[in-house]
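So this one's query_9.pdb, PDB, C-alpha atoms and all ligand atoms:
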ATOM      1  CA  MET O   1     -90.050 -56.679-113.197  1.00  0.00           C
ATOM      2  CA  GLU O   2     -89.435 -55.845-116.841  1.00  0.00           C
ATOM      3  CA  TYR O   3     -87.407 -58.055-119.127  1.00  0.00           C
ATOM      4  CA  SER O   4     -86.093 -56.852-122.460  1.00  0.00           C
ATOM      5  CA  GLN O   5     -87.344 -58.498-125.644  1.00  0.00           C
ATOM      6  CA  LYS O   6     -83.935 -60.053-126.132  1.00  0.00           C
ATOM      7  CA  VAL O   7     -84.019 -61.637-122.680  1.00  0.00           C
ATOM      8  CA  MET O   8     -87.488 -63.012-123.394  1.00  0.00           C
ATOM      9  CA  ASP O   9     -86.348 -64.322-126.776  1.00  0.00           C
ATOM     10  CA  HIS O  10     -83.308 -66.113-125.349  1.00  0.00           C
ATOM     11  CA  PHE O  11     -85.412 -67.476-122.496  1.00  0.00           C
ATOM     12  CA  MET O  12     -88.194 -68.762-124.743  1.00  0.00           C
ATOM     13  CA  ASN O  13     -85.860 -69.954-127.538  1.00  0.00           C
ATOM     14  CA  PRO O  14     -82.515 -70.581-125.894  1.00  0.00           C
ATOM     15  CA  ARG O  15     -79.607 -71.167-128.288  1.00  0.00           C
ATOM     16  CA  ASN O  16     -77.010 -73.905-127.781  1.00  0.00           C
ATOM     17  CA  VAL O  17     -78.918 -76.031-125.281  1.00  0.00           C
ATOM     18  CA  GLY O  18     -77.386 -79.461-124.874  1.00  0.00           C
ATOM     19  CA  GLU O  19     -74.104 -81.226-124.366  1.00  0.00           C
ATOM     20  CA  ILE O  20     -70.921 -81.742-126.357  1.00  0.00           C
ATOM     21  CA  ASP O  21     -69.459 -85.240-126.436  1.00  0.00           C
ATOM     22  CA  ASN O  22     -65.837 -85.269-125.331  1.00  0.00           C
ATOM     23  CA  PRO O  23     -65.715 -81.506-124.786  1.00  0.00           C
ATOM     24  CA  SER O  24     -62.391 -79.675-124.722  1.00  0.00           C
ATOM     25  CA  GLY O  25     -63.565 -78.098-121.499  1.00  0.00           C
ATOM     26  CA  VAL O  26     -66.582 -78.380-119.259  1.00  0.00           C
ATOM     27  CA  GLY O  27     -67.508 -76.416-116.171  1.00  0.00           C
ATOM     28  CA  THR O  28     -70.311 -76.478-113.652  1.00  0.00           C
ATOM     29  CA  VAL O  29     -71.114 -73.638-111.312  1.00  0.00           C
ATOM     30  CA  GLY O  30     -74.030 -73.217-108.965  1.00  0.00           C
ATOM     31  CA  ASN O  31     -75.545 -70.637-106.732  1.00  0.00           C
ATOM     32  CA  ALA O  32     -76.386 -72.136-103.357  1.00  0.00           C
ATOM     33  CA  LYS O  33     -78.703 -69.254-102.537  1.00  0.00           C
ATOM     34  CA  CYS O  34     -81.206 -69.831-105.329  1.00  0.00           C
ATOM     35  CA  GLY O  35     -80.223 -73.443-106.060  1.00  0.00           C
ATOM     36  CA  ASP O  36     -79.586 -72.800-109.749  1.00  0.00           C
ATOM     37  CA  ILE O  37     -76.898 -74.758-111.583  1.00  0.00           C
ATOM     38  CA  MET O  38     -75.260 -74.132-114.946  1.00  0.00           C
ATOM     39  CA  LYS O  39     -73.024 -76.418-116.961  1.00  0.00           C
ATOM     40  CA  VAL O  40     -71.067 -75.121-119.968  1.00  0.00           C
ATOM     41  CA  TYR O  41     -69.351 -77.292-122.603  1.00  0.00           C
ATOM     42  CA  LEU O  42     -66.739 -75.974-125.016  1.00  0.00           C
ATOM     43  CA  GLN O  43     -65.254 -77.479-128.157  1.00  0.00           C
ATOM     44  CA  ILE O  44     -61.926 -75.762-128.805  1.00  0.00           C
ATOM     45  CA  GLU O  45     -59.645 -76.331-131.765  1.00  0.00           C
ATOM     46  CA  ASN O  46     -56.357 -74.492-132.285  1.00  0.00           C
ATOM     47  CA  GLY O  47     -57.306 -72.068-129.537  1.00  0.00           C
ATOM     48  CA  ILE O  48     -60.621 -71.145-131.194  1.00  0.00           C
ATOM     49  CA  ILE O  49     -63.971 -71.952-129.629  1.00  0.00           C
ATOM     50  CA  GLN O  50     -65.736 -73.926-132.340  1.00  0.00           C
ATOM     51  CA  ASP O  51     -68.814 -74.796-130.356  1.00  0.00           C
ATOM     52  CA  ALA O  52     -70.402 -74.021-127.013  1.00  0.00           C
ATOM     53  CA  LYS O  53     -73.389 -75.634-125.354  1.00  0.00           C
ATOM     54  CA  PHE O  54     -75.031 -75.417-121.984  1.00  0.00           C
ATOM     55  CA  LYS O  55     -77.477 -77.006-119.622  1.00  0.00           C
ATOM     56  CA  THR O  56     -78.998 -74.721-117.055  1.00  0.00           C
ATOM     57  CA  PHE O  57     -81.316 -75.679-114.255  1.00  0.00           C
ATOM     58  CA  GLY O  58     -82.318 -72.234-113.272  1.00  0.00           C
ATOM     59  CA  CYS O  59     -84.365 -69.114-113.623  1.00  0.00           C
ATOM     60  CA  GLY O  60     -85.246 -67.407-116.883  1.00  0.00           C
ATOM     61  CA  ALA O  61     -82.413 -64.899-116.605  1.00  0.00           C
ATOM     62  CA  ALA O  62     -79.916 -67.724-116.023  1.00  0.00           C
ATOM     63  CA  ILE O  63     -81.156 -69.477-119.162  1.00  0.00           C
ATOM     64  CA  ALA O  64     -81.130 -66.279-121.238  1.00  0.00           C
ATOM     65  CA  THR O  65     -77.615 -65.361-120.088  1.00  0.00           C
ATOM     66  CA  SER O  66     -76.230 -68.852-120.757  1.00  0.00           C
ATOM     67  CA  SER O  67     -77.821 -68.750-124.190  1.00  0.00           C
ATOM     68  CA  MET O  68     -76.273 -65.369-124.981  1.00  0.00           C
ATOM     69  CA  ALA O  69     -72.893 -66.186-123.401  1.00  0.00           C
ATOM     70  CA  THR O  70     -72.528 -69.347-125.501  1.00  0.00           C
ATOM     71  CA  GLU O  71     -73.538 -67.410-128.626  1.00  0.00           C
ATOM     72  CA  LEU O  72     -70.970 -64.707-127.910  1.00  0.00           C
ATOM     73  CA  VAL O  73     -67.991 -67.017-127.344  1.00  0.00           C
ATOM     74  CA  LYS O  74     -68.447 -69.079-130.503  1.00  0.00           C
ATOM     75  CA  GLY O  75     -65.710 -68.297-133.017  1.00  0.00           C
ATOM     76  CA  LYS O  76     -63.651 -66.414-130.446  1.00  0.00           C
ATOM     77  CA  THR O  77     -60.186 -67.280-129.234  1.00  0.00           C
ATOM     78  CA  VAL O  78     -59.820 -68.482-125.680  1.00  0.00           C
ATOM     79  CA  GLN O  79     -58.337 -65.116-124.755  1.00  0.00           C
ATOM     80  CA  GLN O  80     -61.169 -63.156-126.403  1.00  0.00           C
ATOM     81  CA  ALA O  81     -63.689 -65.335-124.560  1.00  0.00           C
ATOM     82  CA  LEU O  82     -62.524 -63.765-121.310  1.00  0.00           C
ATOM     83  CA  GLU O  83     -63.996 -60.501-122.570  1.00  0.00           C
ATOM     84  CA  VAL O  84     -67.421 -62.128-122.511  1.00  0.00           C
ATOM     85  CA  THR O  85     -68.041 -60.924-118.982  1.00  0.00           C
ATOM     86  CA  ASN O  86     -71.393 -60.856-117.264  1.00  0.00           C
ATOM     87  CA  ARG O  87     -71.574 -57.168-118.224  1.00  0.00           C
ATOM     88  CA  ALA O  88     -70.966 -57.931-121.883  1.00  0.00           C
ATOM     89  CA  VAL O  89     -73.655 -60.595-121.778  1.00  0.00           C
ATOM     90  CA  MET O  90     -76.105 -58.244-120.082  1.00  0.00           C
ATOM     91  CA  GLU O  91     -75.404 -55.531-122.627  1.00  0.00           C
ATOM     92  CA  ALA O  92     -75.993 -57.968-125.464  1.00  0.00           C
ATOM     93  CA  LEU O  93     -79.354 -58.773-123.874  1.00  0.00           C
ATOM     94  CA  ASP O  94     -80.259 -55.081-123.478  1.00  0.00           C
ATOM     95  CA  GLY O  95     -79.931 -55.299-119.728  1.00  0.00           C
ATOM     96  CA  LEU O  96     -81.339 -57.251-116.818  1.00  0.00           C
ATOM     97  CA  PRO O  97     -83.333 -56.087-113.822  1.00  0.00           C
ATOM     98  CA  PRO O  98     -80.955 -55.361-110.898  1.00  0.00           C
ATOM     99  CA  VAL O  99     -82.147 -58.337-108.818  1.00  0.00           C
ATOM    100  CA  LYS O 100     -81.209 -60.608-111.723  1.00  0.00           C
ATOM    101  CA  VAL O 101     -77.638 -59.427-112.222  1.00  0.00           C
ATOM    102  CA  HIS O 102     -76.290 -62.326-110.156  1.00  0.00           C
ATOM    103  CA  CYS O 103     -77.767 -64.736-112.711  1.00  0.00           C
ATOM    104  CA  SER O 104     -75.426 -63.301-115.358  1.00  0.00           C
ATOM    105  CA  CYS O 105     -72.481 -63.883-113.000  1.00  0.00           C
ATOM    106  CA  LEU O 106     -73.387 -67.558-113.054  1.00  0.00           C
ATOM    107  CA  ALA O 107     -72.968 -67.579-116.856  1.00  0.00           C
ATOM    108  CA  GLU O 108     -69.593 -65.844-116.691  1.00  0.00           C
ATOM    109  CA  GLU O 109     -68.327 -68.162-113.989  1.00  0.00           C
ATOM    110  CA  ALA O 110     -69.536 -71.339-115.715  1.00  0.00           C
ATOM    111  CA  LEU O 111     -67.763 -70.190-118.876  1.00  0.00           C
ATOM    112  CA  HIS O 112     -64.604 -69.565-116.880  1.00  0.00           C
ATOM    113  CA  ALA O 113     -64.885 -72.988-115.276  1.00  0.00           C
ATOM    114  CA  ALA O 114     -65.044 -74.613-118.722  1.00  0.00           C
ATOM    115  CA  LEU O 115     -62.033 -72.589-119.896  1.00  0.00           C
ATOM    116  CA  TRP O 116     -60.154 -73.528-116.740  1.00  0.00           C
ATOM    117  CA  ASP O 117     -60.874 -77.198-117.381  1.00  0.00           C
ATOM    118  CA  TYR O 118     -59.605 -76.821-120.952  1.00  0.00           C
ATOM    119  CA  ALA O 119     -56.424 -75.114-119.731  1.00  0.00           C
ATOM    120  CA  GLU O 120     -55.770 -77.804-117.143  1.00  0.00           C
ATOM    121  CA  LYS O 121     -56.315 -80.625-119.621  1.00  0.00           C
ATOM    122  CA  ASN O 122     -53.887 -79.012-122.046  1.00  0.00           C
ATOM    123  CA  HIS O 123     -51.380 -77.823-119.445  1.00  0.00           C
ATOM    124  CA  ILE O 124     -51.649 -74.238-120.579  1.00  0.00           C
ATOM    125  CA  VAL O 125     -52.194 -70.994-118.724  1.00  0.00           C
ATOM    126  CA  ILE O 126     -54.897 -68.638-119.940  1.00  0.00           C
ATOM    127  CA  GLU O 127     -53.692 -65.211-118.979  1.00  0.00           C
ATOM    128  CA  GLY O 128     -56.149 -63.361-116.767  1.00  0.00           C
ATOM    129  CA  LEU O 129     -58.249 -66.419-115.983  1.00  0.00           C
ATOM    130  CA  LYS O 130     -58.728 -66.952-112.272  1.00  0.00           C
ATOM    131  CA  LYS O 131     -59.533 -70.305-110.738  1.00  0.00           C
ATOM    132  CA  PRO O 132     -63.320 -70.495-110.864  1.00  0.00           C
ATOM    133  CA  VAL O 133     -65.511 -71.134-107.848  1.00  0.00           C
ATOM    134  CA  GLN O 134     -68.114 -73.875-107.651  1.00  0.00           C
ATOM    135  CA  ASP O 135     -70.666 -71.676-105.993  1.00  0.00           C
ATOM    136  CA  ILE O 136     -70.888 -68.034-107.025  1.00  0.00           C
ATOM    137  CA  GLU O 137     -71.753 -67.092-103.465  1.00  0.00           C
ATOM    138  CA  GLU O 138     -68.042 -67.584-102.763  1.00  0.00           C
ATOM    139  CA  LEU O 139     -67.328 -64.785-105.232  1.00  0.00           C
ATOM    140  CA  HIS O 140     -69.385 -62.315-103.262  1.00  0.00           C
ATOM    141  CA  HIS O 141     -67.532 -63.268-100.109  1.00  0.00           C
ATOM    142  CA  LEU O 142     -64.258 -62.683-101.910  1.00  0.00           C
ATOM    143  CA  GLU O 143     -65.424 -59.314-103.176  1.00  0.00           C
ATOM    144  CA  ASP O 144     -66.833 -58.183 -99.837  1.00  0.00           C
TER     145      ASP O 144
HETATM  146 FE1  LIG O 201     -80.603 -68.157-109.495  1.00  0.00          FE
HETATM  147 FE2  LIG O 201     -81.226 -66.540-111.449  1.00  0.00          FE
HETATM  148  S1  LIG O 201     -82.272 -66.784-109.607  1.00  0.00           S
HETATM  149  S2  LIG O 201     -79.478 -67.754-111.269  1.00  0.00           S
END

If you took the structure in this file and wrote it as structure tokens, what would it be?
Ligand code: FES
Amino acid sequence: MEYSQKVMDHFMNPRNVGEIDNPSGVGTVGNAKCGDIMKVYLQIENGIIQDAKFKTFGCGAAIATSSMATELVKGKTVQQALEVTNRAVMEALDGLPPVKVHCSCLAEEALHAALWDYAEKNHIVIEGLKKPVQDIEELHHLED
């Protein structure tokens, strides 16, 4: 299996590892199949994501995609953050091997879970944001 240099870089030197105290939104999503878990914290002010951090107990691709996803959403509006899909994250990392694509879905879903939490806390609706799942396996069942 070949990983791009960017994937290796974000795996070896992940950006934004950690927690945010009193986050505007926090979301945890797991994948029951591989047992990996990702938690994303967002600091949002005036609708702009000021800071994003994560803690991932998972494979290298899960760590690299959480690192890149948190990098990509910083400075974006909540609405723009929805464009940071697993595909966008994979592209920014110069791709992932096909068997590792599901790891990037974990990053997207954890980000959505944190945005959902933010929306609920602030009684707002983020257009286009669907209620996140706790286990991404549920997503596959929905898509099937
Ligand atoms: Fe589980 Fe990568 S193998 S997220």

For ligand LIG 201 (chain O), collect every residue having any atom at a distance of at most 7 Å from a ligand atom (counting only C-alpha atoms and all ligand atoms); output as a CSV table (one decimal) with C-alpha atoms, in the coordinates of the input.
chain,number,residue,atom,x,y,z
O,31,ASN,CA,-75.5,-70.6,-106.7
O,34,CYS,CA,-81.2,-69.8,-105.3
O,35,GLY,CA,-80.2,-73.4,-106.1
O,36,ASP,CA,-79.6,-72.8,-109.7
O,58,GLY,CA,-82.3,-72.2,-113.3
O,59,CYS,CA,-84.4,-69.1,-113.6
O,60,GLY,CA,-85.2,-67.4,-116.9
O,61,ALA,CA,-82.4,-64.9,-116.6
O,62,ALA,CA,-79.9,-67.7,-116.0
O,100,LYS,CA,-81.2,-60.6,-111.7
O,102,HIS,CA,-76.3,-62.3,-110.2
O,103,CYS,CA,-77.8,-64.7,-112.7
O,106,LEU,CA,-73.4,-67.6,-113.1

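When all atoms listed in the file are used to compute distances to Ser67 (chain O), the closest of the residues O:Val29, O:Ile44, O:Met38, O:Leu129 turns out to be O:Met38.
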
> Do you know which residues are at most 8 Å from region 17-22 of chain O counting only C-alpha atoms, after dropping those on the same chain fewer than 6 positions away, and could you put them as a PyMOL selection string?
Replying inline: chain O and resi 41-43+52-55+67

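Considering all atoms listed in the file, the residue among O:Glu127, O:Leu139, O:Gly30, O:Tyr118 positioned nearest to Glu83 (chain O) is O:Glu127.
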
Return as AutoDock Vina command-line options the box centre and box size in Å, one decimal, for an axis-aligned box around all listed atoms of region 56-71 of chain O padded by 6 Å per side.
--center_x -78.9 --center_y -70.3 --center_z -120.9 --size_x 24.7 --size_y 22.8 --size_z 27.4

>> Just checking: using only C-alpha atoms, which residue out of O:Thr56, O:Leu93, O:Glu45, O:Cys105 ends up closest to Glu71 (chain O)?
In response: O:Leu93

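Between CA of Gly95 (chain O) and CA of Ile126 (chain O) there is a distance of 28.4 Å.
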
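Residue nearest Ser4 (chain O), chosen from O:Ala110, O:Ile136, O:Ala64, O:Leu115 and counting only C-alpha atoms: O:Ala64.
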
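Restricting the calculation to all atoms listed in the file, the smallest distance between Ile37 (chain O) and any of O:Ile63, O:Val78, O:Leu96, O:Met68 is found for O:Ile63.
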
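Across O:Ala92, O:Val133, O:Ile124, O:Ala69, the tightest approach to Lys6 (chain O) is made by O:Ala92 when counting only C-alpha atoms.
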
> So how many Å separate CA of Asn46 (chain O) and CA of Pro132 (chain O), to one decimal?
Replying inline: 22.9 Å

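Straight-line separation from CA of Gly25 (chain O) to CA of Asp94 (chain O): 28.5 Å.
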
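Excluding Thr85 (chain O) itself and any same-chain residue fewer than 4 positions from it, the protein and nucleic acid residues within 10 Å of it, counting all atoms listed in the file, are Ala69, Ala81, Val89, Met90, Glu91, Ser104, Cys105, Ala107, Glu108, Glu109, Leu111 and His112 of chain O.
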